[in-house]
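Novice: Below: one structure in structure tokens.
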Amino acid sequence: MTGAEAPGTSSGTAGRGAGTGRRVAGATGRGIRRAGTATGSAATYTLRQARRASRAEGAGDSGLYRLIELHAFNAAGDAAVAISLAGTLFFAQPGEARGQVALFLGLTMLPFAVVAPLLGPFLDRFSHGRRWAIGATMALRAFLCWLMADAVASQSLAMFPTALGVLVSSKAYGVARAATVPRLLPPGLSLVKANSRISLAGVVGAAVAGPLAGVASTFGAQWSLRFAFVVFAGATILSILLPAKADAHTGELPVSLSGDTRKFRVPADVVFALRCNAGLRMLSGFLTMYMAFLLRQHPFPGWEHRTTLLMGLVIGAAGLGNTIGIALGSMLRRLTPTVTVVVALLADATAATAAAVFYGLLPAIALGLTAGVAQAMGKLVLDATVQRDVPERHRTSAFARSETLLQLSWVLGGFMGIALPLIPRLGLGVLAALMVSWTVFVLVKRPGRAVRSEPS
């Protein structure tokens, strides 16, 4: 009897096991479907709220919202490229990484001596087709990202010229976009707030694309570049959908920073804002390179096995500060440009001095946070000042030269960060001395003009 019952018992147990398995599978399937539905609903809600925010305060009627959405795609693509390059350049052997980064910085700096006088006038030729010019910068980056992905996968030196092309195209987009903002500005919205809203869209775009590009990069740095290709391809289409009034109606002329009276001379307020921003960008470039190597090779006590997290805390603080600065620009009702950029310089000099004297995790994070806020506020004020004070026919060339100066300042700071020995108080002490000296120089050379209120 017992022998006869065993098969039945086994069969019953198997049946109950199969039933339990079907119930678990069914519950899991329902859970996945519900999670997918919830995720889709959350994404749809977020997208709806983002589109509503981009159309607020008349931006929907003026067409500014399309430029806001386009900039989100631009930042998303740039973030994917940055993640790929960071994984390629910074995570080699220490000595090799320094050499690769120095080579990359050199490649980005040298051509700007030619780009400075040529970029603005070249874009001026597209004054009646600015949408197509912006679209061309996106399409070119998509193409270069695809080529760079193959170069990274094969460890080819072609990675450097393609990366340079992406950088120059990104700067060209920035110049064309900044010159286009006043044409799409709705009544009642200040230039600082418009620029802040565009920059915030960029932060959102980078925040969304960063994790996706990070996941893609786990399969290889080339996959984050292919992700960037898709983003820039979509941005190319959005560029063509910009409103027709984004195109200029009159020709734009070259601009000169010299005393040549035959060409437009940059207003004193713009020169002053440029000098301040040059100091802010120099500090940013220094911190990016110096802290990346310092924290990796000489982490704080207790962080020896968490260097990636440590770098994320310190360098990520600068990104958080940048977001805070952009948000402040969109919330503050009035800004005095000259006061804002001077306060930003003084804050950076103070934070650098404190980090050099009291070197540690908290001072380093405070320095990154301060640098991010100062750079964001300074750039918003600079862009708005150029948009306010420089006539339409000269604006693109003015932005081309200002962006070139800022890029060169960042690269100069980066070179100093690579060249200095990885002795925290020495490196940060040199940085603090430079910032204090530059602040004094800027204040001494400050134009003797009445303080003007926020650009509108």
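Chains: A, B, ... in order of the structure tokens. Residues: from 1 per chain. Ligands: from 1, in order shown.
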Skipping near chain neighbours, those fewer than 4 positions away, what residues fall within 8 Å of range 164-171 of chain A using only C-alpha atoms, listed as an MDAnalysis selection string?

Specialist: chainID A and resid 78 107:108 137:138 140:141 144:145 160 175 403

Novice: Atoms to include: all heavy atoms. Write the selected residues as an mmCIF file, in the first residue's frame.

Specialist:
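Contents of selection.cif, freshly written:
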```cif
data_model
loop_
_atom_site.group_PDB
_atom_site.id
_atom_site.type_symbol
_atom_site.label_atom_id
_atom_site.label_comp_id
_atom_site.auth_asym_id
_atom_site.auth_seq_id
_atom_site.Cartn_x
_atom_site.Cartn_y
_atom_site.Cartn_z
ATOM 1 N N ASP A 78 25.953 65.713 -25.192
ATOM 2 C CA ASP A 78 27.257 66.082 -24.636
ATOM 3 C C ASP A 78 27.588 65.251 -23.401
ATOM 4 O O ASP A 78 28.750 64.884 -23.169
ATOM 5 C CB ASP A 78 27.267 67.574 -24.282
ATOM 6 C CG ASP A 78 27.454 68.451 -25.510
ATOM 7 O OD1 ASP A 78 27.814 67.920 -26.578
ATOM 8 O OD2 ASP A 78 27.232 69.678 -25.405
ATOM 9 N N LEU A 107 45.074 69.400 -28.074
ATOM 10 C CA LEU A 107 44.311 69.365 -29.325
ATOM 11 C C LEU A 107 43.108 70.308 -29.274
ATOM 12 O O LEU A 107 42.715 70.871 -30.291
ATOM 13 C CB LEU A 107 43.842 67.939 -29.608
ATOM 14 C CG LEU A 107 44.928 66.948 -30.058
ATOM 15 C CD1 LEU A 107 44.372 65.530 -30.127
ATOM 16 C CD2 LEU A 107 45.486 67.361 -31.417
ATOM 17 N N THR A 108 42.513 70.475 -28.097
ATOM 18 C CA THR A 108 41.361 71.374 -27.996
ATOM 19 C C THR A 108 41.783 72.835 -27.983
ATOM 20 O O THR A 108 41.011 73.702 -28.381
ATOM 21 C CB THR A 108 40.558 71.097 -26.717
ATOM 22 O OG1 THR A 108 41.375 71.354 -25.575
ATOM 23 C CG2 THR A 108 40.047 69.677 -26.676
ATOM 24 N N THR A 137 25.420 71.650 -36.864
ATOM 25 C CA THR A 137 26.292 71.305 -35.729
ATOM 26 C C THR A 137 25.839 70.002 -35.078
ATOM 27 O O THR A 137 26.667 69.224 -34.588
ATOM 28 C CB THR A 137 26.309 72.432 -34.682
ATOM 29 O OG1 THR A 137 25.017 72.558 -34.072
ATOM 30 C CG2 THR A 137 26.698 73.755 -35.309
ATOM 31 N N MET A 138 24.528 69.771 -35.050
ATOM 32 C CA MET A 138 24.013 68.523 -34.479
ATOM 33 C C MET A 138 24.320 67.335 -35.382
ATOM 34 O O MET A 138 24.767 66.276 -34.913
ATOM 35 C CB MET A 138 22.505 68.637 -34.261
ATOM 36 C CG MET A 138 22.074 69.710 -33.279
ATOM 37 S SD MET A 138 22.661 69.345 -31.614
ATOM 38 C CE MET A 138 21.913 70.712 -30.714
ATOM 39 N N LEU A 140 26.671 67.053 -37.604
ATOM 40 C CA LEU A 140 28.104 66.776 -37.626
ATOM 41 C C LEU A 140 28.531 66.013 -36.371
ATOM 42 O O LEU A 140 29.329 65.069 -36.442
ATOM 43 C CB LEU A 140 28.878 68.090 -37.730
ATOM 44 C CG LEU A 140 30.408 67.965 -37.756
ATOM 45 C CD1 LEU A 140 30.858 67.108 -38.928
ATOM 46 C CD2 LEU A 140 31.057 69.344 -37.821
ATOM 47 N N ARG A 141 27.980 66.381 -35.219
ATOM 48 C CA ARG A 141 28.323 65.660 -33.994
ATOM 49 C C ARG A 141 27.820 64.225 -34.036
ATOM 50 O O ARG A 141 28.479 63.306 -33.539
ATOM 51 C CB ARG A 141 27.773 66.395 -32.778
ATOM 52 C CG ARG A 141 28.700 67.486 -32.276
ATOM 53 C CD ARG A 141 28.204 68.115 -31.002
ATOM 54 N NE ARG A 141 27.119 69.049 -31.248
ATOM 55 C CZ ARG A 141 26.458 69.672 -30.293
ATOM 56 N NH1 ARG A 141 26.744 69.444 -29.022
ATOM 57 N NH2 ARG A 141 25.498 70.529 -30.582
ATOM 58 N N LEU A 144 30.334 62.383 -36.183
ATOM 59 C CA LEU A 144 31.617 62.225 -35.505
ATOM 60 C C LEU A 144 31.531 61.240 -34.344
ATOM 61 O O LEU A 144 32.488 60.503 -34.068
ATOM 62 C CB LEU A 144 32.115 63.581 -35.017
ATOM 63 C CG LEU A 144 32.546 64.568 -36.107
ATOM 64 C CD1 LEU A 144 32.871 65.927 -35.495
ATOM 65 C CD2 LEU A 144 33.753 64.033 -36.881
ATOM 66 N N CYS A 145 30.404 61.219 -33.647
ATOM 67 C CA CYS A 145 30.236 60.257 -32.555
ATOM 68 C C CYS A 145 30.257 58.830 -33.070
ATOM 69 O O CYS A 145 30.806 57.927 -32.418
ATOM 70 C CB CYS A 145 28.937 60.535 -31.797
ATOM 71 S SG CYS A 145 29.029 61.932 -30.658
ATOM 72 N N PHE A 160 41.082 61.211 -31.054
ATOM 73 C CA PHE A 160 41.387 62.581 -30.674
ATOM 74 C C PHE A 160 40.872 63.607 -31.689
ATOM 75 O O PHE A 160 40.229 64.585 -31.295
ATOM 76 C CB PHE A 160 42.887 62.739 -30.449
ATOM 77 C CG PHE A 160 43.367 61.987 -29.241
ATOM 78 C CD1 PHE A 160 44.010 60.770 -29.371
ATOM 79 C CD2 PHE A 160 43.169 62.483 -27.964
ATOM 80 C CE1 PHE A 160 44.446 60.063 -28.258
ATOM 81 C CE2 PHE A 160 43.598 61.790 -26.842
ATOM 82 C CZ PHE A 160 44.229 60.579 -27.000
ATOM 83 N N VAL A 175 27.417 79.085 -29.625
ATOM 84 C CA VAL A 175 27.457 80.435 -30.179
ATOM 85 C C VAL A 175 26.157 80.755 -30.920
ATOM 86 O O VAL A 175 25.543 81.801 -30.712
ATOM 87 C CB VAL A 175 28.666 80.578 -31.119
ATOM 88 C CG1 VAL A 175 28.574 81.856 -31.938
ATOM 89 C CG2 VAL A 175 29.967 80.562 -30.327
ATOM 90 N N GLU A 403 33.205 82.728 -26.336
ATOM 91 C CA GLU A 403 33.270 81.290 -26.076
ATOM 92 C C GLU A 403 34.690 80.761 -26.251
ATOM 93 O O GLU A 403 35.135 79.881 -25.513
ATOM 94 C CB GLU A 403 32.316 80.544 -27.008
ATOM 95 C CG GLU A 403 30.847 80.739 -26.689
ATOM 96 C CD GLU A 403 30.470 80.158 -25.339
ATOM 97 O OE1 GLU A 403 31.030 79.123 -24.949
ATOM 98 O OE2 GLU A 403 29.617 80.760 -24.657
#
```

Novice: Can you list, as a ChimeraX atom specification, every protein, DNA or RNA residue that comes within 10 Å of Val271 in chain A when you count only C-alpha atoms, leaving out same-chain residues fewer than 2 positions away?

Specialist: /A:257,265-269,273-277,382,385-386,402,446-447

Novice: Please provide as an MDAnalysis selection string all residues within 8 Å of Thr370 in chain A, with the sequence filter that same-chain residues fewer than 2 positions apart are discarded (counting only C-alpha atoms).

Specialist: chainID A and resid 318 321 347:348 351 366:368 372:374

Novice: Calculate how many Å separate CA of Trp223 in chain A from CA of Gly77 in chain A, rounding to one decimal.

Specialist: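 For CA of Trp223 in chain A relative to CA of Gly77 in chain A, the distance reads 12.5 Å.
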
Novice: For Ile83 in chain A, list every protein, DNA or RNA residue within 9 Å, evaluated using only C-alpha atoms, and leave out those in the same chain fewer than 4 positions away; present the list as a list in words.

Specialist: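 Using only C-alpha atoms, the neighbours found are Asp78, Ala79, Gly87, Thr88, Gly210, Ala213, Gly214, Ser217, Ala221, Ser224 and Leu225 of chain A.
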
Novice: What separation in Å, quoted to one decimal, exists between CA of Leu242 in chain A and CA of Gly329 in chain A?

Specialist: 24.6 Å

Novice: Looking at only C-alpha atoms, which of A:Gly417, A:Gly63, A:Gly427, A:Gly129 is the one that sits closest to Phe286 in chain A?

Specialist: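 Using only C-alpha atoms, Phe286 in chain A sits closest to A:Gly417.
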